[in-house]
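Peer 1: File follows, data_14.pdb with PDB, C-alpha atoms:
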```
ATOM      1  CA  MET A  20       0.000   0.000   0.000
ATOM      2  CA  SER A  21       1.487   3.352  -1.014
ATOM      3  CA  LYS A  22       1.674   6.289   1.348
ATOM      4  CA  PRO A  23      -0.852   9.060   0.759
ATOM      5  CA  GLU A  24       0.547  12.336  -0.456
ATOM      6  CA  PHE A  25       0.800  14.719   2.468
ATOM      7  CA  ASP A  26      -0.815  18.125   2.180
ATOM      8  CA  MET A  27      -3.229  20.176   4.254
ATOM      9  CA  ALA A  28      -6.253  18.678   2.484
ATOM     10  CA  TYR A  29      -5.073  15.214   3.567
ATOM     11  CA  LEU A  30      -4.687  16.453   7.159
ATOM     12  CA  MET A  31      -8.182  17.974   7.181
ATOM     13  CA  ASN A  32      -9.683  14.788   5.699
ATOM     14  CA  LEU A  33      -7.909  12.769   8.396
ATOM     15  CA  ALA A  34      -9.380  14.972  11.136
ATOM     16  CA  GLU A  35     -12.836  14.647   9.560
ATOM     17  CA  GLU A  36     -12.535  10.848   9.373
ATOM     18  CA  MET A  37     -11.329  10.610  12.964
ATOM     19  CA  SER A  38     -14.229  12.745  14.196
ATOM     20  CA  LYS A  39     -16.726  10.296  12.707
ATOM     21  CA  ASN A  40     -15.111   7.082  13.935
ATOM     22  CA  ASN A  41     -13.927   8.090  17.325
ATOM     23  CA  MET A  42     -15.999   7.701  20.461
ATOM     24  CA  VAL A  43     -18.608   5.087  21.075
ATOM     25  CA  PRO A  44     -21.858   6.798  22.167
ATOM     26  CA  TYR A  45     -22.745   5.992  25.771
ATOM     27  CA  GLU A  46     -25.936   4.277  24.628
ATOM     28  CA  ASP A  47     -23.856   1.908  22.463
ATOM     29  CA  LEU A  48     -21.640   0.685  25.300
ATOM     30  CA  PRO A  49     -22.537  -2.924  26.196
ATOM     31  CA  LYS A  50     -25.704  -3.014  28.297
ATOM     32  CA  TYR A  51     -24.930  -6.312  30.023
ATOM     33  CA  ASP A  52     -22.377  -6.892  32.745
ATOM     34  CA  LEU A  53     -19.082  -8.315  31.515
ATOM     35  CA  PHE A  54     -16.291 -10.589  32.665
ATOM     36  CA  LEU A  55     -12.885  -8.909  32.966
ATOM     37  CA  SER A  56     -11.680 -10.786  29.866
ATOM     38  CA  GLN A  57     -14.585  -9.294  27.876
ATOM     39  CA  VAL A  58     -13.715  -5.800  29.144
ATOM     40  CA  ILE A  59     -10.089  -6.302  28.020
ATOM     41  CA  ASP A  60     -11.206  -7.508  24.580
ATOM     42  CA  TYR A  61     -13.582  -4.550  24.233
ATOM     43  CA  LEU A  62     -10.894  -2.004  25.151
ATOM     44  CA  ASN A  63      -8.264  -3.578  22.912
ATOM     45  CA  ASP A  64     -10.715  -3.526  19.989
ATOM     46  CA  LYS A  65     -11.553   0.149  20.524
ATOM     47  CA  PHE A  66      -8.065   1.385  21.443
ATOM     48  CA  THR A  67      -5.806  -0.506  19.060
ATOM     49  CA  GLU A  68      -2.764   1.624  19.875
ATOM     50  CA  ASP A  69      -3.024   0.673  23.577
ATOM     51  CA  LYS A  70      -2.612  -2.794  24.997
ATOM     52  CA  TYR A  71      -4.861  -3.531  27.963
ATOM     53  CA  THR A  72      -4.297  -6.547  30.193
ATOM     54  CA  ASN A  73      -6.031  -7.942  33.273
ATOM     55  CA  ASN A  74      -3.171  -6.593  35.406
ATOM     56  CA  ILE A  75      -3.518  -3.055  34.048
ATOM     57  CA  VAL A  76      -7.247  -2.902  34.828
ATOM     58  CA  GLN A  77      -6.771  -4.550  38.235
ATOM     59  CA  ASN A  78      -4.033  -2.022  39.084
ATOM     60  CA  TYR A  79      -6.415   0.830  38.245
ATOM     61  CA  ILE A  80      -8.922  -0.737  40.647
ATOM     62  CA  LYS A  81      -6.331  -1.256  43.428
ATOM     63  CA  SER A  82      -5.112   2.329  42.993
ATOM     64  CA  GLU A  83      -8.722   3.529  43.256
ATOM     65  CA  ILE A  84      -8.610   5.164  39.859
ATOM     66  CA  ILE A  85     -11.686   3.211  38.718
ATOM     67  CA  SER A  86     -14.453   1.506  40.705
ATOM     68  CA  LYS A  87     -14.265  -2.019  42.066
ATOM     69  CA  PRO A  88     -16.308  -4.615  40.182
ATOM     70  CA  GLU A  89     -19.661  -5.666  41.632
ATOM     71  CA  ASP A  90     -19.066  -7.919  44.662
ATOM     72  CA  GLY A  91     -19.918 -11.571  44.274
ATOM     73  CA  LYS A  92     -20.806 -11.318  40.590
ATOM     74  CA  LYS A  93     -18.862 -13.249  37.975
ATOM     75  CA  ARG A  94     -19.819 -10.586  35.483
ATOM     76  CA  GLY A  95     -18.920  -7.725  37.784
ATOM     77  CA  TYR A  96     -17.963  -5.110  35.195
ATOM     78  CA  THR A  97     -20.806  -2.786  34.252
ATOM     79  CA  LYS A  98     -21.387  -0.028  31.742
ATOM     80  CA  LEU A  99     -20.070   2.360  34.419
ATOM     81  CA  HIS A 100     -16.708   0.541  34.403
ATOM     82  CA  LEU A 101     -16.510   0.774  30.624
ATOM     83  CA  ALA A 102     -17.277   4.494  30.762
ATOM     84  CA  GLN A 103     -14.520   4.950  33.364
ATOM     85  CA  LEU A 104     -12.020   2.937  31.322
ATOM     86  CA  VAL A 105     -12.846   4.699  28.047
ATOM     87  CA  LEU A 106     -12.374   8.121  29.671
ATOM     88  CA  LEU A 107      -9.176   6.863  31.277
ATOM     89  CA  SER A 108      -7.959   5.683  27.845
ATOM     90  CA  TYR A 109      -8.099   9.218  26.523
ATOM     91  CA  MET A 110      -6.302  10.530  29.615
ATOM     92  CA  ARG A 111      -3.492   7.932  29.649
ATOM     93  CA  PRO A 112      -1.340   9.582  26.965
ATOM     94  CA  VAL A 113      -1.492  12.916  28.781
ATOM     95  CA  LEU A 114      -1.548  12.182  32.513
ATOM     96  CA  THR A 115       0.027   9.828  35.022
ATOM     97  CA  SER A 116      -2.164   7.379  36.923
ATOM     98  CA  GLU A 117      -2.018   9.591  40.000
ATOM     99  CA  GLU A 118      -3.052  12.645  37.963
ATOM    100  CA  ILE A 119      -5.963  10.702  36.447
ATOM    101  CA  ARG A 120      -7.073   9.677  39.945
ATOM    102  CA  LYS A 121      -7.009  13.351  41.005
ATOM    103  CA  VAL A 122      -9.026  14.418  37.953
ATOM    104  CA  PHE A 123     -11.678  11.762  38.593
ATOM    105  CA  ARG A 124     -11.904  12.819  42.249
ATOM    106  CA  LEU A 125     -12.813  16.352  41.177
ATOM    107  CA  ALA A 126     -16.167  15.049  39.912
ATOM    108  CA  PHE A 127     -16.608  11.746  41.731
ATOM    109  CA  ASN A 128     -14.935  12.190  45.156
ATOM    110  CA  GLU A 129     -14.612   8.659  46.571
ATOM    111  CA  ILE A 130     -14.340   6.420  43.499
ATOM    112  CA  ASN A 131     -16.238   3.481  45.054
ATOM    113  CA  ASN A 132     -19.126   5.555  46.434
ATOM    114  CA  ARG A 133     -21.744   6.697  43.897
ATOM    115  CA  GLU A 134     -23.613   8.748  46.532
ATOM    116  CA  ASP A 135     -20.923  11.446  46.726
ATOM    117  CA  ASP A 136     -20.563  11.932  42.946
ATOM    118  CA  ILE A 137     -21.052  15.525  41.847
ATOM    119  CA  ILE A 138     -22.151  14.375  38.378
ATOM    120  CA  SER A 139     -22.913  10.902  37.060
ATOM    121  CA  TRP A 140     -20.418   8.874  35.046
ATOM    122  CA  GLU A 141     -22.979   8.795  32.249
ATOM    123  CA  ASP A 142     -23.078  12.607  32.155
ATOM    124  CA  ALA A 143     -19.278  12.840  32.340
ATOM    125  CA  TYR A 144     -18.938  10.396  29.453
ATOM    126  CA  LYS A 145     -21.505  12.199  27.302
ATOM    127  CA  ILE A 146     -19.956  15.619  28.031
ATOM    128  CA  PHE A 147     -16.466  14.383  27.159
ATOM    129  CA  SER A 148     -17.792  12.723  24.015
ATOM    130  CA  GLU A 149     -19.332  16.013  22.860
ATOM    131  CA  ILE A 150     -16.202  18.022  23.680
ATOM    132  CA  HIS A 151     -14.047  15.439  21.925
ATOM    133  CA  MET A 152     -16.163  15.537  18.765
ATOM    134  CA  ASP A 153     -16.115  19.346  18.806
ATOM    135  CA  SER A 154     -12.305  19.272  19.079
ATOM    136  CA  PHE A 155     -12.057  17.479  15.749
ATOM    137  CA  LYS A 156     -14.550  19.874  14.180
ATOM    138  CA  ASP A 157     -12.603  22.841  15.585
ATOM    139  CA  PHE A 158      -9.387  21.363  14.220
ATOM    140  CA  SER A 159     -10.914  21.076  10.748
ATOM    141  CA  SER A 160     -12.164  24.652  10.754
ATOM    142  CA  ASN A 161      -9.234  26.222  12.615
ATOM    143  CA  PRO A 162      -6.093  24.050  12.680
ATOM    144  CA  PHE A 163      -3.815  24.271  15.702
ATOM    145  CA  PHE A 164      -1.002  25.546  13.543
ATOM    146  CA  ASN A 165      -0.414  28.313  11.056
ATOM    147  CA  GLU A 166      -0.329  26.703   7.600
ATOM    148  CA  LYS A 167       0.977  29.884   5.960
ATOM    149  CA  LYS A 168       3.854  30.131   8.439
ATOM    150  CA  LEU A 169       4.805  26.484   7.875
ATOM    151  CA  ASN A 170       4.691  26.987   4.095
ATOM    152  CA  ASP A 171       6.889  30.090   4.443
ATOM    153  CA  ILE A 172       9.444  28.141   6.489
ATOM    154  CA  ALA A 173       9.476  25.285   3.973
ATOM    155  CA  SER A 174       9.741  27.683   1.021
ATOM    156  CA  LYS A 175      12.840  29.360   2.494
ATOM    157  CA  LEU A 176      14.547  25.962   2.494
ATOM    158  CA  ASN A 177      14.247  25.823  -1.331
ATOM    159  CA  LEU A 178      13.170  22.197  -1.345
ATOM    160  CA  LYS A 179      11.467  20.536  -4.278
ATOM    161  CA  GLY A 180       9.019  17.679  -4.772
ATOM    162  CA  ARG A 181       9.091  14.854  -2.252
ATOM    163  CA  ASP A 182      11.615  16.641   0.010
ATOM    164  CA  HIS A 183       9.277  19.640   0.320
ATOM    165  CA  GLU A 184       6.364  17.336   1.144
ATOM    166  CA  ARG A 185       8.400  15.481   3.775
ATOM    167  CA  ILE A 186       9.541  18.706   5.435
ATOM    168  CA  MET A 187       5.957  20.023   5.470
ATOM    169  CA  LEU A 188       4.892  16.799   7.181
ATOM    170  CA  PHE A 189       7.788  17.163   9.646
ATOM    171  CA  LEU A 190       6.876  20.785  10.427
ATOM    172  CA  THR A 191       3.199  19.909  10.842
ATOM    173  CA  VAL A 192       4.001  17.042  13.219
ATOM    174  CA  MET A 193       6.373  19.236  15.220
ATOM    175  CA  SER A 194       3.756  21.977  15.421
ATOM    176  CA  LEU A 195       1.130  19.503  16.687
ATOM    177  CA  ILE A 196       3.616  18.058  19.201
ATOM    178  CA  SER A 197       4.329  21.557  20.442
ATOM    179  CA  GLN A 198       0.617  22.224  20.915
ATOM    180  CA  ALA A 199       0.114  18.845  22.636
ATOM    181  CA  SER A 200       3.041  19.590  24.942
ATOM    182  CA  VAL A 201       1.632  22.970  25.938
ATOM    183  CA  ILE A 202      -1.801  21.453  26.553
ATOM    184  CA  LYS A 203      -0.337  18.567  28.577
ATOM    185  CA  LYS A 204       1.664  20.949  30.771
ATOM    186  CA  MET A 205      -1.393  23.142  31.332
ATOM    187  CA  VAL A 206      -3.500  20.123  32.333
ATOM    188  CA  GLN A 207      -0.815  18.856  34.716
ATOM    189  CA  ARG A 208      -0.441  22.297  36.283
ATOM    190  CA  LEU A 209      -4.203  22.695  36.781
ATOM    191  CA  VAL A 210      -4.532  19.242  38.337
ATOM    192  CA  SER A 211      -1.511  19.817  40.551
ATOM    193  CA  GLU A 212      -2.538  23.267  41.779
ATOM    194  CA  TYR A 213      -6.164  22.366  42.423
ATOM    195  CA  ASN A 214      -5.309  19.246  44.447
ATOM    196  CA  GLU A 215      -2.711  20.889  46.700
TER
END
```
Output the structure of this file as structure tokens.
Peer 2:
Amino acid sequence: MSKPEFDMAYLMNLAEEMSKNNMVPYEDLPKYDLFLSQVIDYLNDKFTEDKYTNNIVQNYIKSEIISKPEDGKKRGYTKLHLAQLVLLSYMRPVLTSEEIRKVFRLAFNEINNREDDIISWEDAYKIFSEIHMDSFKDFSSNPFFNEKKLNDIASKLNLKGRDHERIMLFLTVMSLISQASVIKKMVQRLVSEYNE
């Protein structure tokens, strides 16, 4: 399979495609309780770039990042657990486990007590899903980088053909990494300052 030619139209099409195939609506999460092995399979199907194992999920439970499974039930993992793990999957590339725990406590206080939740996990999931979808739409309409500036930089290098395309891809990736880095540092700072 040949590589697609990189240009801004390709990048915008990629963002559009990702916005359509990204988050599973809350209503489409499995309605029936699951075994841990089924939860692992579900997560690994949805998050192909991550590799979930029983130990990873059990460590999140022991660390009180996600709720314990239902006591005494073989199928102890509910839709609530899937919602927690899906949200956690989006946070993993940005935050440490401890930072994720602190973020969840902002809205859910004691992770194993539903009575002290400020909002429901269902609401949190739906809100994040909407924000996430809007982020892709915002990216398509207003990219997180200045295309003209990147073109100007590449033009000054007097590159032709494939070399120009490769440098534009490099500059675009570096620009997105820079933005992601700034966002990550802001998130970490907010979580740190609020929980002190």
Peer 1: Identify all residues satisfying the PyMOL selection byres ((chain A and resi 73) around 10) in the given file; provide them as a list in words.
Peer 2: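 Selected by the PyMOL selection byres ((chain A and resi 73) around 10) in this file: Leu55, Ser56, Val58, Ile59, Tyr71, Thr72, Asn74, Ile75, Val76, Gln77 and Asn78 of chain A.
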Peer 1: Any chance you can output those residues with C-alpha atoms as an mmCIF file, in the coordinates of the input?
Peer 2:
```
data_model
loop_
_atom_site.group_PDB
_atom_site.id
_atom_site.type_symbol
_atom_site.label_atom_id
_atom_site.label_comp_id
_atom_site.auth_asym_id
_atom_site.auth_seq_id
_atom_site.Cartn_x
_atom_site.Cartn_y
_atom_site.Cartn_z
ATOM 1 C CA LEU A 55 -12.885 -8.909 32.966
ATOM 2 C CA SER A 56 -11.680 -10.786 29.866
ATOM 3 C CA VAL A 58 -13.715 -5.800 29.144
ATOM 4 C CA ILE A 59 -10.089 -6.302 28.020
ATOM 5 C CA TYR A 71 -4.861 -3.531 27.963
ATOM 6 C CA THR A 72 -4.297 -6.547 30.193
ATOM 7 C CA ASN A 74 -3.171 -6.593 35.406
ATOM 8 C CA ILE A 75 -3.518 -3.055 34.048
ATOM 9 C CA VAL A 76 -7.247 -2.902 34.828
ATOM 10 C CA GLN A 77 -6.771 -4.550 38.235
ATOM 11 C CA ASN A 78 -4.033 -2.022 39.084
#
```
Peer 1: Restricting the calculation to only C-alpha atoms, which member of A:Phe66, A:Tyr29, A:Trp140, A:Tyr109 is positioned closest to A:Thr97?
Peer 2: A:Trp140
Peer 1: Since I can't run it myself right now, could you work out what the PyMOL selection byres ((chain A and resi 210) around 12) selects here and report it as a PDB file with C-alpha atoms, keeping the file's coordinate frame?
Peer 2:
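part.pdb written:
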```pdb
ATOM      1  CA  VAL A 113      -1.492  12.916  28.781  1.00  0.00           C
ATOM      2  CA  LEU A 114      -1.548  12.182  32.513  1.00  0.00           C
ATOM      3  CA  THR A 115       0.027   9.828  35.022  1.00  0.00           C
ATOM      4  CA  GLU A 117      -2.018   9.591  40.000  1.00  0.00           C
ATOM      5  CA  GLU A 118      -3.052  12.645  37.963  1.00  0.00           C
ATOM      6  CA  ILE A 119      -5.963  10.702  36.447  1.00  0.00           C
ATOM      7  CA  ARG A 120      -7.073   9.677  39.945  1.00  0.00           C
ATOM      8  CA  LYS A 121      -7.009  13.351  41.005  1.00  0.00           C
ATOM      9  CA  VAL A 122      -9.026  14.418  37.953  1.00  0.00           C
ATOM     10  CA  PHE A 123     -11.678  11.762  38.593  1.00  0.00           C
ATOM     11  CA  ARG A 124     -11.904  12.819  42.249  1.00  0.00           C
ATOM     12  CA  LEU A 125     -12.813  16.352  41.177  1.00  0.00           C
ATOM     13  CA  LYS A 203      -0.337  18.567  28.577  1.00  0.00           C
ATOM     14  CA  LYS A 204       1.664  20.949  30.771  1.00  0.00           C
ATOM     15  CA  MET A 205      -1.393  23.142  31.332  1.00  0.00           C
ATOM     16  CA  VAL A 206      -3.500  20.123  32.333  1.00  0.00           C
ATOM     17  CA  GLN A 207      -0.815  18.856  34.716  1.00  0.00           C
ATOM     18  CA  ARG A 208      -0.441  22.297  36.283  1.00  0.00           C
ATOM     19  CA  LEU A 209      -4.203  22.695  36.781  1.00  0.00           C
ATOM     20  CA  SER A 211      -1.511  19.817  40.551  1.00  0.00           C
ATOM     21  CA  GLU A 212      -2.538  23.267  41.779  1.00  0.00           C
ATOM     22  CA  TYR A 213      -6.164  22.366  42.423  1.00  0.00           C
ATOM     23  CA  ASN A 214      -5.309  19.246  44.447  1.00  0.00           C
ATOM     24  CA  GLU A 215      -2.711  20.889  46.700  1.00  0.00           C
TER      25      GLU A 215
END
```
Peer 1: So which one's closest to A:Glu83, A:Phe127, A:Asp69, A:Asp26, A:Arg185? Using all atoms listed in the file, please.
Peer 2: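 Nearest candidate to A:Glu83 out of A:Phe127, A:Asp69, A:Asp26, A:Arg185: A:Phe127.
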Peer 1: Pick the closest to A:Glu129 from A:Leu107, A:Leu30, A:Ala143, A:Ile84: which is it, counting only C-alpha atoms?
Peer 2: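 Looking only at the distances to A:Glu129, the closest residue turns out to be A:Ile84.
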Peer 1: For A:Ile202, which residue out of A:Ser86, A:Pro112, A:Leu33, A:Leu169 is the nearest one, using all atoms listed in the file?
Peer 2: A:Pro112
Peer 1: Would you mind reading off the distance between atom CA of A:His183 and atom CA of A:Phe25, one decimal, in Å?
Peer 2: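 These two atoms are separated by 10.0 Å.
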Peer 1: State, in Å with one decimal place, the distance from atom CA of A:Met42 to atom CA of A:Ser148.
Peer 2: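 Computed distance, atom CA of A:Met42 to atom CA of A:Ser148, equals 6.4 Å.
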Peer 1: With all atoms listed in the file as the atoms that count, which of A:Ser154, A:Gln57, A:Gln198, A:Ser174 lies nearest to A:Gly95?
Peer 2: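 Checking each candidate against A:Gly95, we get A:Gln57 as the closest.
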Peer 1: Can you list, as JSON, numbers by chain, the residues that the PyMOL selection byres ((chain A and resi 103-106) around 8) selects here?
Peer 2: {"A": [62, 85, 99, 100, 101, 102, 107, 108, 109, 110, 140, 144, 147]}
Peer 1: What is the distance, in Å and to one decimal place, between atom CA of A:Leu190 and atom CA of A:Lys175?
Peer 2: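 Taking atom CA of A:Leu190 and atom CA of A:Lys175, their separation equals 13.1 Å.
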Peer 1: Rank nothing, just name the residue among A:Arg111, A:Lys50, A:Arg181, A:Lys65 nearest to A:Arg94, using only C-alpha atoms.
Peer 2: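 Selected residue with least distance to A:Arg94: A:Lys50.
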